[in-house]
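The next block is query_18.pdb, given as PDB, C-alpha atoms and all ligand atoms.
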```pdb
ATOM      1  CA  MET A   1     -28.942  24.876 -16.535
ATOM      2  CA  LEU A   2     -27.941  21.361 -17.511
ATOM      3  CA  ILE A   3     -29.817  18.549 -15.797
ATOM      4  CA  PHE A   4     -27.889  15.296 -15.512
ATOM      5  CA  SER A   5     -29.530  11.997 -14.918
ATOM      6  CA  PRO A   6     -28.082  10.431 -11.737
ATOM      7  CA  GLU A   7     -26.900   7.337 -13.613
ATOM      8  CA  ILE A   8     -25.330   7.785 -17.015
ATOM      9  CA  PRO A   9     -25.135   4.366 -18.685
ATOM     10  CA  MET A  10     -21.657   3.126 -19.619
ATOM     11  CA  SER A  11     -21.419   1.257 -22.916
ATOM     12  CA  LEU A  12     -19.248  -1.831 -23.207
ATOM     13  CA  GLU A  13     -16.855   0.072 -25.456
ATOM     14  CA  GLU A  14     -16.551   2.880 -22.882
ATOM     15  CA  PHE A  15     -16.066   0.358 -20.104
ATOM     16  CA  ARG A  16     -13.208  -1.285 -22.015
ATOM     17  CA  LEU A  17     -11.523   2.049 -22.747
ATOM     18  CA  LEU A  18     -11.624   3.103 -19.096
ATOM     19  CA  ARG A  19     -10.783  -0.317 -17.721
ATOM     20  CA  ASP A  20      -7.664  -0.572 -19.919
ATOM     21  CA  PHE A  21      -6.653   2.962 -19.056
ATOM     22  CA  VAL A  22      -6.928   2.311 -15.300
ATOM     23  CA  TYR A  23      -5.059  -0.973 -15.648
ATOM     24  CA  GLN A  24      -2.165   0.617 -17.550
ATOM     25  CA  TYR A  25      -1.948   3.414 -15.046
ATOM     26  CA  CYS A  26      -2.036   1.583 -11.734
ATOM     27  CA  GLY A  27      -2.579  -2.154 -12.215
ATOM     28  CA  LEU A  28      -6.118  -2.197 -10.791
ATOM     29  CA  HIS A  29      -8.029  -4.812 -12.713
ATOM     30  CA  PHE A  30     -11.783  -4.689 -13.329
ATOM     31  CA  SER A  31     -13.374  -7.732 -14.943
ATOM     32  CA  GLU A  32     -16.213  -7.323 -17.431
ATOM     33  CA  ASP A  33     -18.896  -8.096 -14.868
ATOM     34  CA  SER A  34     -17.793  -5.098 -12.816
ATOM     35  CA  ARG A  35     -18.909  -2.567 -15.427
ATOM     36  CA  TYR A  36     -21.618  -1.339 -13.052
ATOM     37  CA  ILE A  37     -18.980  -0.585 -10.385
ATOM     38  CA  LEU A  38     -17.125   1.797 -12.686
ATOM     39  CA  GLU A  39     -20.428   3.243 -13.855
ATOM     40  CA  LYS A  40     -21.558   3.895 -10.295
ATOM     41  CA  ARG A  41     -18.310   5.302  -8.976
ATOM     42  CA  LEU A  42     -17.335   7.418 -11.993
ATOM     43  CA  GLY A  43     -20.825   8.732 -12.729
ATOM     44  CA  ARG A  44     -20.260  11.361 -10.049
ATOM     45  CA  ARG A  45     -17.187  12.641 -11.866
ATOM     46  CA  LEU A  46     -19.120  12.987 -15.121
ATOM     47  CA  GLN A  47     -21.668  15.094 -13.335
ATOM     48  CA  HIS A  48     -19.029  17.156 -11.588
ATOM     49  CA  LEU A  49     -17.137  17.811 -14.835
ATOM     50  CA  ARG A  50     -20.391  18.271 -16.771
ATOM     51  CA  LEU A  51     -19.497  15.613 -19.289
ATOM     52  CA  ASN A  52     -22.187  13.749 -21.217
ATOM     53  CA  ASN A  53     -20.632  10.315 -21.497
ATOM     54  CA  TYR A  54     -17.754   8.119 -20.379
ATOM     55  CA  LYS A  55     -15.903   8.440 -23.673
ATOM     56  CA  ASP A  56     -15.528  12.156 -23.015
ATOM     57  CA  TYR A  57     -14.313  11.295 -19.522
ATOM     58  CA  TYR A  58     -11.712   8.967 -21.028
ATOM     59  CA  TYR A  59     -10.461  11.763 -23.330
ATOM     60  CA  TYR A  60     -10.454  14.124 -20.368
ATOM     61  CA  LEU A  61      -8.224  11.715 -18.424
ATOM     62  CA  ARG A  62      -5.852  11.371 -21.356
ATOM     63  CA  TYR A  63      -5.579  14.874 -22.731
ATOM     64  CA  ASN A  64      -7.107  17.559 -20.527
ATOM     65  CA  ALA A  65      -4.728  20.068 -18.925
ATOM     66  CA  ALA A  66      -6.259  19.142 -15.563
ATOM     67  CA  ARG A  67      -5.711  15.396 -16.093
ATOM     68  CA  ASP A  68      -3.294  14.948 -13.148
ATOM     69  CA  GLN A  69      -5.848  16.364 -10.760
ATOM     70  CA  GLU A  70      -8.564  14.160 -12.257
ATOM     71  CA  LEU A  71      -6.360  11.072 -11.983
ATOM     72  CA  THR A  72      -6.167  11.763  -8.257
ATOM     73  CA  GLU A  73      -9.977  11.893  -8.088
ATOM     74  CA  LEU A  74     -10.274   8.725 -10.150
ATOM     75  CA  ILE A  75      -7.876   6.815  -7.898
ATOM     76  CA  ASN A  76      -9.622   8.072  -4.774
ATOM     77  CA  LEU A  77     -12.858   6.608  -6.121
ATOM     78  CA  LEU A  78     -11.493   3.269  -7.303
ATOM     79  CA  THR A  79      -9.211   2.136  -4.503
ATOM     80  CA  THR A  80     -10.292   0.049  -1.524
ATOM     81  CA  ASN A  81      -8.638   1.530   1.539
ATOM     82  CA  GLU A  82      -9.822  -0.681   4.407
ATOM     83  CA  THR A  83      -7.157  -0.957   7.117
ATOM     84  CA  TYR A  84      -6.640  -0.873  10.904
ATOM     85  CA  PHE A  85      -3.881  -0.939  13.513
ATOM     86  CA  PHE A  86      -2.263  -4.276  14.427
ATOM     87  CA  ARG A  87      -3.827  -6.089  11.478
ATOM     88  CA  GLU A  88      -2.694  -9.735  11.196
ATOM     89  CA  GLU A  89      -1.308 -10.362  14.639
ATOM     90  CA  PHE A  90       0.640 -13.557  13.877
ATOM     91  CA  GLN A  91       2.635 -11.940  11.134
ATOM     92  CA  LEU A  92       3.407  -8.972  13.357
ATOM     93  CA  ARG A  93       4.677 -11.342  16.016
ATOM     94  CA  SER A  94       7.004 -12.955  13.491
ATOM     95  CA  PHE A  95       8.107  -9.493  12.476
ATOM     96  CA  SER A  96       8.978  -8.410  16.031
ATOM     97  CA  GLU A  97      10.312 -11.646  17.448
ATOM     98  CA  GLU A  98      12.130 -13.205  14.503
ATOM     99  CA  ILE A  99      12.526 -11.016  11.432
ATOM    100  CA  VAL A 100      13.757  -7.796  13.055
ATOM    101  CA  PRO A 101      16.258  -9.530  15.389
ATOM    102  CA  GLU A 102      17.609 -11.593  12.461
ATOM    103  CA  ILE A 103      18.094  -8.558  10.250
ATOM    104  CA  CYS A 104      19.691  -6.630  13.082
ATOM    105  CA  ARG A 105      22.153  -9.427  13.822
ATOM    106  CA  ARG A 106      23.201  -9.518  10.185
ATOM    107  CA  LYS A 107      23.578  -5.769   9.896
ATOM    108  CA  GLN A 108      25.445  -5.451  13.155
ATOM    109  CA  GLU A 109      28.067  -7.890  11.876
ATOM    110  CA  LYS A 110      28.709  -5.383   9.098
ATOM    111  CA  GLY A 111      28.771  -2.497  11.573
ATOM    112  CA  GLU A 112      25.420  -1.076  10.406
ATOM    113  CA  ARG A 113      22.781   0.293  12.748
ATOM    114  CA  ARG A 114      20.029   1.421  10.406
ATOM    115  CA  ILE A 115      16.869  -0.456   9.477
ATOM    116  CA  ARG A 116      14.618   0.559   6.556
ATOM    117  CA  ILE A 117      11.036  -0.670   6.207
ATOM    118  CA  TRP A 118       8.526   0.116   3.457
ATOM    119  CA  SER A 119       4.771  -0.099   3.938
ATOM    120  CA  ALA A 120       3.661  -0.227   0.286
ATOM    121  CA  GLY A 121      -0.050   0.596  -0.077
ATOM    122  CA  CYS A 122      -0.231   2.008   3.456
ATOM    123  CA  SER A 123      -3.697   3.541   3.053
ATOM    124  CA  THR A 124      -4.556   5.829   6.011
ATOM    125  CA  GLY A 125      -1.328   4.982   7.859
ATOM    126  CA  GLU A 126      -2.368   2.411  10.452
ATOM    127  CA  GLU A 127       0.144  -0.122   9.046
ATOM    128  CA  PRO A 128       3.323   2.032   9.130
ATOM    129  CA  TYR A 129       2.358   3.436  12.548
ATOM    130  CA  THR A 130       1.807  -0.089  13.874
ATOM    131  CA  ILE A 131       5.300  -0.998  12.659
ATOM    132  CA  ALA A 132       6.670   2.107  14.410
ATOM    133  CA  MET A 133       4.909   1.267  17.710
ATOM    134  CA  LEU A 134       6.289  -2.259  17.593
ATOM    135  CA  LEU A 135       9.818  -1.058  16.891
ATOM    136  CA  LEU A 136       9.693   1.470  19.722
ATOM    137  CA  GLU A 137       9.514  -1.429  22.140
ATOM    138  CA  ASN A 138      11.831  -3.797  20.311
ATOM    139  CA  ARG A 139      15.158  -4.190  22.083
ATOM    140  CA  ALA A 140      16.936  -5.313  18.923
ATOM    141  CA  VAL A 141      16.686  -1.812  17.434
ATOM    142  CA  GLN A 142      17.306   0.285  20.551
ATOM    143  CA  GLY A 143      19.655   3.093  19.530
ATOM    144  CA  TRP A 144      19.270   2.260  15.838
ATOM    145  CA  GLN A 145      18.248   4.613  13.074
ATOM    146  CA  ILE A 146      14.736   3.545  12.092
ATOM    147  CA  GLU A 147      13.180   4.581   8.793
ATOM    148  CA  ILE A 148       9.626   3.552   7.943
ATOM    149  CA  ILE A 149       8.261   4.747   4.621
ATOM    150  CA  GLY A 150       4.508   4.565   4.022
ATOM    151  CA  THR A 151       3.360   5.057   0.428
ATOM    152  CA  ASP A 152       0.039   4.949  -1.379
ATOM    153  CA  ILE A 153      -1.418   5.994  -4.726
ATOM    154  CA  SER A 154      -4.468   7.670  -3.178
ATOM    155  CA  GLN A 155      -3.919  11.266  -2.050
ATOM    156  CA  ARG A 156      -7.094  11.174   0.030
ATOM    157  CA  VAL A 157      -5.856   8.412   2.349
ATOM    158  CA  LEU A 158      -2.419   9.993   2.623
ATOM    159  CA  GLN A 159      -3.965  13.162   4.026
ATOM    160  CA  VAL A 160      -5.401  11.078   6.876
ATOM    161  CA  ALA A 161      -2.067   9.295   7.362
ATOM    162  CA  ARG A 162      -0.219  12.610   7.641
ATOM    163  CA  LYS A 163      -2.696  13.951  10.169
ATOM    164  CA  GLY A 164      -2.599  10.809  12.313
ATOM    165  CA  LEU A 165      -6.106  11.269  13.768
ATOM    166  CA  TYR A 166      -8.109   8.041  14.032
ATOM    167  CA  GLY A 167     -11.623   6.930  14.934
ATOM    168  CA  GLU A 168     -12.739   3.889  16.869
ATOM    169  CA  SER A 169     -12.793   1.439  13.933
ATOM    170  CA  SER A 170      -9.032   1.801  13.412
ATOM    171  CA  PHE A 171      -8.526   0.300  16.883
ATOM    172  CA  ARG A 172     -10.615  -2.839  16.389
ATOM    173  CA  SER A 173      -7.662  -5.153  17.076
ATOM    174  CA  THR A 174      -5.353  -2.872  19.029
ATOM    175  CA  PRO A 175      -4.260  -3.964  22.490
ATOM    176  CA  GLU A 176      -5.495  -1.159  24.768
ATOM    177  CA  ARG A 177      -2.041  -0.397  26.172
ATOM    178  CA  TYR A 178      -0.891   0.870  22.768
ATOM    179  CA  ARG A 179      -3.748   3.354  22.587
ATOM    180  CA  GLN A 180      -3.001   4.571  26.122
ATOM    181  CA  ARG A 181       0.716   4.865  25.451
ATOM    182  CA  HIS A 182       0.845   6.396  21.971
ATOM    183  CA  PHE A 183      -2.383   8.360  21.396
ATOM    184  CA  ARG A 184      -4.229  11.238  23.013
ATOM    185  CA  PRO A 185      -7.906  12.118  22.630
ATOM    186  CA  GLN A 186      -8.798  14.938  20.236
ATOM    187  CA  ASP A 187     -12.190  15.933  18.809
ATOM    188  CA  GLY A 188     -13.757  12.575  19.716
ATOM    189  CA  LYS A 189     -10.920  10.727  17.978
ATOM    190  CA  TRP A 190      -7.371   9.728  18.836
ATOM    191  CA  LEU A 191      -4.241  11.597  17.720
ATOM    192  CA  ILE A 192      -1.021   9.650  17.352
ATOM    193  CA  ASP A 193       2.038  10.918  19.251
ATOM    194  CA  ASP A 194       4.962  12.606  17.556
ATOM    195  CA  SER A 195       7.290   9.974  19.019
ATOM    196  CA  VAL A 196       5.629   7.423  16.698
ATOM    197  CA  LYS A 197       5.026   9.810  13.817
ATOM    198  CA  ARG A 198       8.614  10.903  13.486
ATOM    199  CA  LEU A 199       9.736   7.371  12.599
ATOM    200  CA  VAL A 200       7.400   7.374   9.582
ATOM    201  CA  THR A 201       7.595   9.257   6.273
ATOM    202  CA  ILE A 202       4.387   9.321   4.251
ATOM    203  CA  SER A 203       4.711   9.720   0.459
ATOM    204  CA  HIS A 204       2.586   9.507  -2.643
ATOM    205  CA  LEU A 205       3.690   6.682  -4.928
ATOM    206  CA  ASN A 206       2.191   4.543  -7.668
ATOM    207  CA  LEU A 207       3.726   1.058  -7.419
ATOM    208  CA  PHE A 208       3.832   0.923 -11.222
ATOM    209  CA  ASP A 209       5.949   4.047 -11.486
ATOM    210  CA  ARG A 210       9.264   2.172 -11.569
ATOM    211  CA  PRO A 211      11.637   5.163 -11.829
ATOM    212  CA  ARG A 212      10.047   6.750  -8.758
ATOM    213  CA  VAL A 213       9.978   3.457  -6.863
ATOM    214  CA  ALA A 214      13.731   3.101  -7.534
ATOM    215  CA  LEU A 215      14.313   6.419  -5.757
ATOM    216  CA  LEU A 216      13.234   4.804  -2.486
ATOM    217  CA  GLY A 217      16.569   2.976  -2.264
ATOM    218  CA  ARG A 218      17.125  -0.407  -0.614
ATOM    219  CA  MET A 219      14.801  -1.876   2.008
ATOM    220  CA  ASP A 220      15.228  -4.514   4.722
ATOM    221  CA  ILE A 221      11.539  -5.374   4.966
ATOM    222  CA  ILE A 222       8.610  -4.600   2.674
ATOM    223  CA  PHE A 223       5.039  -4.858   3.914
ATOM    224  CA  CYS A 224       2.607  -5.012   0.998
ATOM    225  CA  ARG A 225      -0.521  -6.413   2.557
ATOM    226  CA  ASN A 226      -3.932  -6.549   0.946
ATOM    227  CA  VAL A 227      -2.805  -4.577  -2.111
ATOM    228  CA  ILE A 228      -1.915  -7.086  -4.825
ATOM    229  CA  ILE A 229      -5.267  -8.864  -4.427
ATOM    230  CA  TYR A 230      -6.685  -6.141  -6.666
ATOM    231  CA  PHE A 231      -4.145  -6.819  -9.454
ATOM    232  CA  ASP A 232      -4.231  -9.470 -12.180
ATOM    233  CA  LEU A 233      -1.365 -11.934 -12.664
ATOM    234  CA  PRO A 234       0.951  -9.861 -14.927
ATOM    235  CA  ALA A 235       0.498  -6.831 -12.662
ATOM    236  CA  LYS A 236       1.198  -8.904  -9.520
ATOM    237  CA  LYS A 237       4.343 -10.247 -11.196
ATOM    238  CA  ARG A 238       5.567  -6.791 -12.070
ATOM    239  CA  VAL A 239       5.067  -5.449  -8.569
ATOM    240  CA  VAL A 240       6.680  -8.342  -6.693
ATOM    241  CA  GLU A 241       9.660  -8.159  -9.062
ATOM    242  CA  THR A 242       9.947  -4.456  -8.306
ATOM    243  CA  PHE A 243       9.960  -5.311  -4.592
ATOM    244  CA  TYR A 244      12.692  -7.857  -5.216
ATOM    245  CA  GLN A 245      14.875  -5.155  -6.734
ATOM    246  CA  ARG A 246      14.277  -2.924  -3.709
ATOM    247  CA  LEU A 247      15.081  -5.556  -1.052
ATOM    248  CA  ASN A 248      18.527  -6.169   0.388
ATOM    249  CA  PRO A 249      19.651  -9.814   0.118
ATOM    250  CA  GLY A 250      18.042 -11.630   3.067
ATOM    251  CA  GLY A 251      15.280  -8.986   3.201
ATOM    252  CA  TYR A 252      11.634  -9.943   3.743
ATOM    253  CA  LEU A 253       8.435  -9.404   1.804
ATOM    254  CA  LEU A 254       5.317  -9.587   3.979
ATOM    255  CA  LEU A 255       2.029 -10.039   2.125
ATOM    256  CA  GLY A 256      -1.515 -10.191   3.484
ATOM    257  CA  HIS A 257      -2.647 -13.532   4.914
ATOM    258  CA  SER A 258      -4.856 -14.294   1.895
ATOM    259  CA  GLU A 259      -2.056 -13.571  -0.582
ATOM    260  CA  SER A 260       0.735 -15.801  -1.831
ATOM    261  CA  LEU A 261       3.397 -15.848  -4.544
ATOM    262  CA  MET A 262       2.334 -19.257  -5.789
ATOM    263  CA  ASN A 263       2.215 -19.180  -9.616
ATOM    264  CA  ILE A 264       3.544 -15.608  -9.565
ATOM    265  CA  THR A 265       7.300 -15.910  -9.055
ATOM    266  CA  THR A 266       9.978 -18.266  -7.753
ATOM    267  CA  LEU A 267      12.397 -15.451  -6.923
ATOM    268  CA  TYR A 268      11.655 -15.554  -3.195
ATOM    269  CA  GLU A 269      12.132 -18.339  -0.655
ATOM    270  CA  LEU A 270       9.142 -19.295   1.473
ATOM    271  CA  LYS A 271      10.275 -19.347   5.078
ATOM    272  CA  HIS A 272       8.369 -21.058   7.889
ATOM    273  CA  LEU A 273       8.741 -18.970  11.005
ATOM    274  CA  GLN A 274       7.287 -19.787  14.399
ATOM    275  CA  HIS A 275       4.087 -17.780  13.946
ATOM    276  CA  ASP A 276       3.745 -17.358  10.196
ATOM    277  CA  MET A 277       5.056 -18.106   6.699
ATOM    278  CA  VAL A 278       6.885 -15.266   4.980
ATOM    279  CA  TYR A 279       8.877 -14.577   1.812
ATOM    280  CA  GLN A 280      12.582 -13.853   1.880
ATOM    281  CA  LYS A 281      14.948 -12.660  -0.803
ATOM    282  CA  PRO A 282      17.798 -15.208  -0.816
ATOM    283  CA  LEU A 283      20.899 -14.148   1.074
ATOM    284  CA  ASP A 284      23.183 -15.235  -1.749
ATOM    285  CA  ASP A 285      21.569 -12.888  -4.210
ATOM    286  CA  LEU A 286      23.733 -10.237  -5.849
ATOM    287  CA  PRO A 287      23.040  -6.555  -5.113
ATOM    288  CA  GLY A 288      21.615  -5.967  -8.609
ATOM    289  CA  GLY A 289      18.869  -8.472  -7.865
ATOM    290  CA  LEU A 290      20.241 -11.336  -9.972
ATOM    291  CA  LYS A 291      21.157 -14.758  -8.666
ATOM    292  CA  PRO A 292      24.798 -15.820  -9.275
TER     293      PRO A 292
HETATM  294  C1  LIG B 301      -6.906  -2.465   1.322
HETATM  295  S1  LIG B 301      -5.697  -1.225   1.463
HETATM  296  C2  LIG B 301      -4.467  -2.068   2.427
HETATM  297  C3  LIG B 301      -3.889  -1.218   3.517
HETATM  298  C4  LIG B 301      -2.835  -1.897   4.402
HETATM  299  N1  LIG B 301      -1.704  -2.332   3.639
HETATM  300  C5  LIG B 301      -3.440  -3.050   5.176
HETATM  301  O1  LIG B 301      -3.172  -4.221   4.843
HETATM  302  O2  LIG B 301      -4.190  -2.823   6.112
HETATM  303  C6  LIG B 301      -4.972  -1.223  -0.192
HETATM  304  C7  LIG B 301      -4.230   0.072  -0.537
HETATM  305  O3  LIG B 301      -3.445  -0.140  -1.735
HETATM  306  C8  LIG B 301      -3.425   1.082  -2.450
HETATM  307  N2  LIG B 301      -3.053   0.840  -3.865
HETATM  308  C9  LIG B 301      -3.774   0.202  -4.822
HETATM  309  N3  LIG B 301      -3.125   0.241  -6.004
HETATM  310  C10 LIG B 301      -1.962   0.905  -5.788
HETATM  311  C11 LIG B 301      -0.868   1.268  -6.640
HETATM  312  N4  LIG B 301      -0.836   0.961  -7.946
HETATM  313  N5  LIG B 301       0.159   1.944  -6.081
HETATM  314  C12 LIG B 301       0.136   2.259  -4.762
HETATM  315  N6  LIG B 301      -0.867   1.962  -3.914
HETATM  316  C13 LIG B 301      -1.911   1.281  -4.427
HETATM  317  C14 LIG B 301      -4.849   1.609  -2.282
HETATM  318  O4  LIG B 301      -4.933   3.003  -2.519
HETATM  319  C15 LIG B 301      -5.181   1.217  -0.846
HETATM  320  O5  LIG B 301      -4.982   2.284   0.048
END
```
Whole structure given in structure tokens:
Amino acid sequence: MLIFSPEIPMSLEEFRLLRDFVYQYCGLHFSEDSRYILEKRLGRRLQHLRLNNYKDYYYYLRYNAARDQELTELINLLTTNETYFFREEFQLRSFSEEIVPEICRRKQEKGERRIRIWSAGCSTGEEPYTIAMLLLENRAVQGWQIEIIGTDISQRVLQVARKGLYGESSFRSTPERYRQRHFRPQDGKWLIDDSVKRLVTISHLNLFDRPRVALLGRMDIIFCRNVIIYFDLPAKKRVVETFYQRLNPGGYLLLGHSESLMNITTLYELKHLQHDMVYQKPLDDLPGGLKP
């Protein structure tokens, strides 16, 4: 029987190989002083796969027949999935009171009654379900077709999102009436109602997989909160440009409160709403995503 030491040391060369591989794959950026983080998190995989060093793990990720499955494990270990319902209250107020009514007015003038919202990097689903709960009580979209698409690169979190069963910490900033109205107790946790669930589609998607992102079609609003903080500048640029292509003219990009597009792109207009500042794709933009 092979005995593995609990911590297999990662050389600088191995760190660089794996770091570059991860970056190319999904944009997650690990600086050189975070070598120990990769070592700690990926050590378990080496043991599980009975590999002797990180170079072998790198070759496994590149060439093994089971590489897709291992990529899933790798991503599950490297992503930070912290989230909860009704995160960032001021932005959600702007969303309900200003953004949704504005988009609806514009669409109605063209005879449209469908709104499409993407929660990009939705983690365990609290964000897209919060959007759904807010829309269920928003008069502007009564009788409208509502599509909310929640996507994430981690299969592990998506399993939770699909189940819709949440513990206490997910409710840390949820007004109690929402829990009473849209959840029922199950196994010491809370199960979300089908009336909320059916507005949301949960899908696996890497934001750097451009052809697959394009299949999502056009969006009216994109929430991408607390995701791009983990990317470096070129990766941030790539992702927010991808979002630009996906948004309808006049559509909104909502980032986390600690994130901004300063020094990343000038494509969007910064709009000061009553409760928050948000980014909007200019209304005069052409459908292909290019200004006239
Ligand atoms: C901290 S959570 C944010 C969850 C939620 N948006 C919120 O603000 O509460 C970040 C999520 O981004 C996802 N993520 C990171 N890189 C990604 C990529 N390249 N493609 C898709 N999702 C990614 C992670 O798996 C993680 O679930």
Which centre and which edge lengths, in Å to one decimal, describe the axis-aligned box that holds all listed atoms of ligand LIG 301 (chain B) after 3 Å is added on each side, as lines of an AutoDock Vina configuration file?
```
center_x = -3.4
center_y = -0.6
center_z = -0.9
size_x = 13.1
size_y = 13.2
size_z = 20.1
```
Please build the interface table for chain A against ligand LIG 301 (chain B) with a cut-off of 8 Å, listing for each qualifying residue the nearest atom pair and the distance in Å to one decimal; count all atoms listed in the file, order rows by chain and increasing number, and write it as CSV.
```
residue,atom,partner,partner_atom,distance
A:Tyr25,CA,B:LIG301,N4,7.6
A:Cys26,CA,B:LIG301,N4,4.0
A:Gly27,CA,B:LIG301,N4,5.6
A:Leu28,CA,B:LIG301,N3,6.1
A:Ile75,CA,B:LIG301,O4,7.2
A:Asn76,CA,B:LIG301,O4,7.3
A:Thr79,CA,B:LIG301,O4,4.8
A:Thr80,CA,B:LIG301,C1,5.1
A:Asn81,CA,B:LIG301,O5,4.0
A:Glu82,CA,B:LIG301,C1,4.6
A:Thr83,CA,B:LIG301,O2,3.6
A:Tyr84,CA,B:LIG301,O2,5.7
A:Phe85,CA,B:LIG301,O2,7.6
A:Arg87,CA,B:LIG301,O2,6.3
A:Ser119,CA,B:LIG301,N1,6.9
A:Ala120,CA,B:LIG301,N6,6.6
A:Gly121,CA,B:LIG301,O3,3.8
A:Cys122,CA,B:LIG301,N1,4.6
A:Ser123,CA,B:LIG301,O5,3.5
A:Thr124,CA,B:LIG301,O5,7.0
A:Gly125,CA,B:LIG301,C4,7.8
A:Glu126,CA,B:LIG301,O2,7.0
A:Glu127,CA,B:LIG301,C4,5.8
A:Thr151,CA,B:LIG301,C12,6.7
A:Asp152,CA,B:LIG301,N6,4.0
A:Ile153,CA,B:LIG301,C12,4.0
A:Ser154,CA,B:LIG301,O4,4.7
A:Val157,CA,B:LIG301,O5,6.6
A:His204,CA,B:LIG301,C12,7.9
A:Leu205,CA,B:LIG301,C12,5.7
A:Asn206,CA,B:LIG301,N5,3.7
A:Leu207,CA,B:LIG301,N5,3.9
A:Phe208,CA,B:LIG301,N4,5.7
A:Phe223,CA,B:LIG301,N1,7.2
A:Cys224,CA,B:LIG301,N1,5.7
A:Arg225,CA,B:LIG301,O1,4.1
A:Asn226,CA,B:LIG301,O1,4.6
A:Val227,CA,B:LIG301,C6,4.4
A:Ile228,CA,B:LIG301,N3,7.5
A:Tyr230,CA,B:LIG301,C9,7.2
A:Phe231,CA,B:LIG301,N3,7.9
A:Gly256,CA,B:LIG301,O1,6.3
```
*Using the chain letters and residue numbers of this document, give as a PyMOL selection string the residues selected by the PyMOL selection byres (((chain A and resi 218) around 12) and not hetatm).*
chain A and resi 114-118+147+149+213-217+219-222+242-252+287-289
Selected residues written out, C-alpha atoms, as a JSON list (two decimals), in the coordinates of the input:
```
[["chain", "number", "residue", "atom", "x", "y", "z"],
["A", 114, "ARG", "CA", 20.03, 1.42, 10.41],
["A", 115, "ILE", "CA", 16.87, -0.46, 9.48],
["A", 116, "ARG", "CA", 14.62, 0.56, 6.56],
["A", 117, "ILE", "CA", 11.04, -0.67, 6.21],
["A", 118, "TRP", "CA", 8.53, 0.12, 3.46],
["A", 147, "GLU", "CA", 13.18, 4.58, 8.79],
["A", 149, "ILE", "CA", 8.26, 4.75, 4.62],
["A", 213, "VAL", "CA", 9.98, 3.46, -6.86],
["A", 214, "ALA", "CA", 13.73, 3.10, -7.53],
["A", 215, "LEU", "CA", 14.31, 6.42, -5.76],
["A", 216, "LEU", "CA", 13.23, 4.80, -2.49],
["A", 217, "GLY", "CA", 16.57, 2.98, -2.26],
["A", 219, "MET", "CA", 14.80, -1.88, 2.01],
["A", 220, "ASP", "CA", 15.23, -4.51, 4.72],
["A", 221, "ILE", "CA", 11.54, -5.37, 4.97],
["A", 222, "ILE", "CA", 8.61, -4.60, 2.67],
["A", 242, "THR", "CA", 9.95, -4.46, -8.31],
["A", 243, "PHE", "CA", 9.96, -5.31, -4.59],
["A", 244, "TYR", "CA", 12.69, -7.86, -5.22],
["A", 245, "GLN", "CA", 14.88, -5.16, -6.73],
["A", 246, "ARG", "CA", 14.28, -2.92, -3.71],
["A", 247, "LEU", "CA", 15.08, -5.56, -1.05],
["A", 248, "ASN", "CA", 18.53, -6.17, 0.39],
["A", 249, "PRO", "CA", 19.65, -9.81, 0.12],
["A", 250, "GLY", "CA", 18.04, -11.63, 3.07],
["A", 251, "GLY", "CA", 15.28, -8.99, 3.20],
["A", 252, "TYR", "CA", 11.63, -9.94, 3.74],
["A", 287, "PRO", "CA", 23.04, -6.56, -5.11],
["A", 288, "GLY", "CA", 21.62, -5.97, -8.61],
["A", 289, "GLY", "CA", 18.87, -8.47, -7.86]]
```
*Hey, can you check how far atom CA of A:Leu135 sits from atom CA of A:Tyr279?*
20.3 Å
_Result set of the PyMOL selection byres (((chain A and resi 178) around 10) and not hetatm) on the coordinates above, as a PyMOL selection string_ = chain A and resi 85-86+130+133-134+171+174-177+179-183
*What is the atom CA of A:Leu273-atom CA of A:Glu102 distance in Å, reported with one decimal?*
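If I compute the distance from atom CA of A:Leu273 to atom CA of A:Glu102, I get 11.6 Å.
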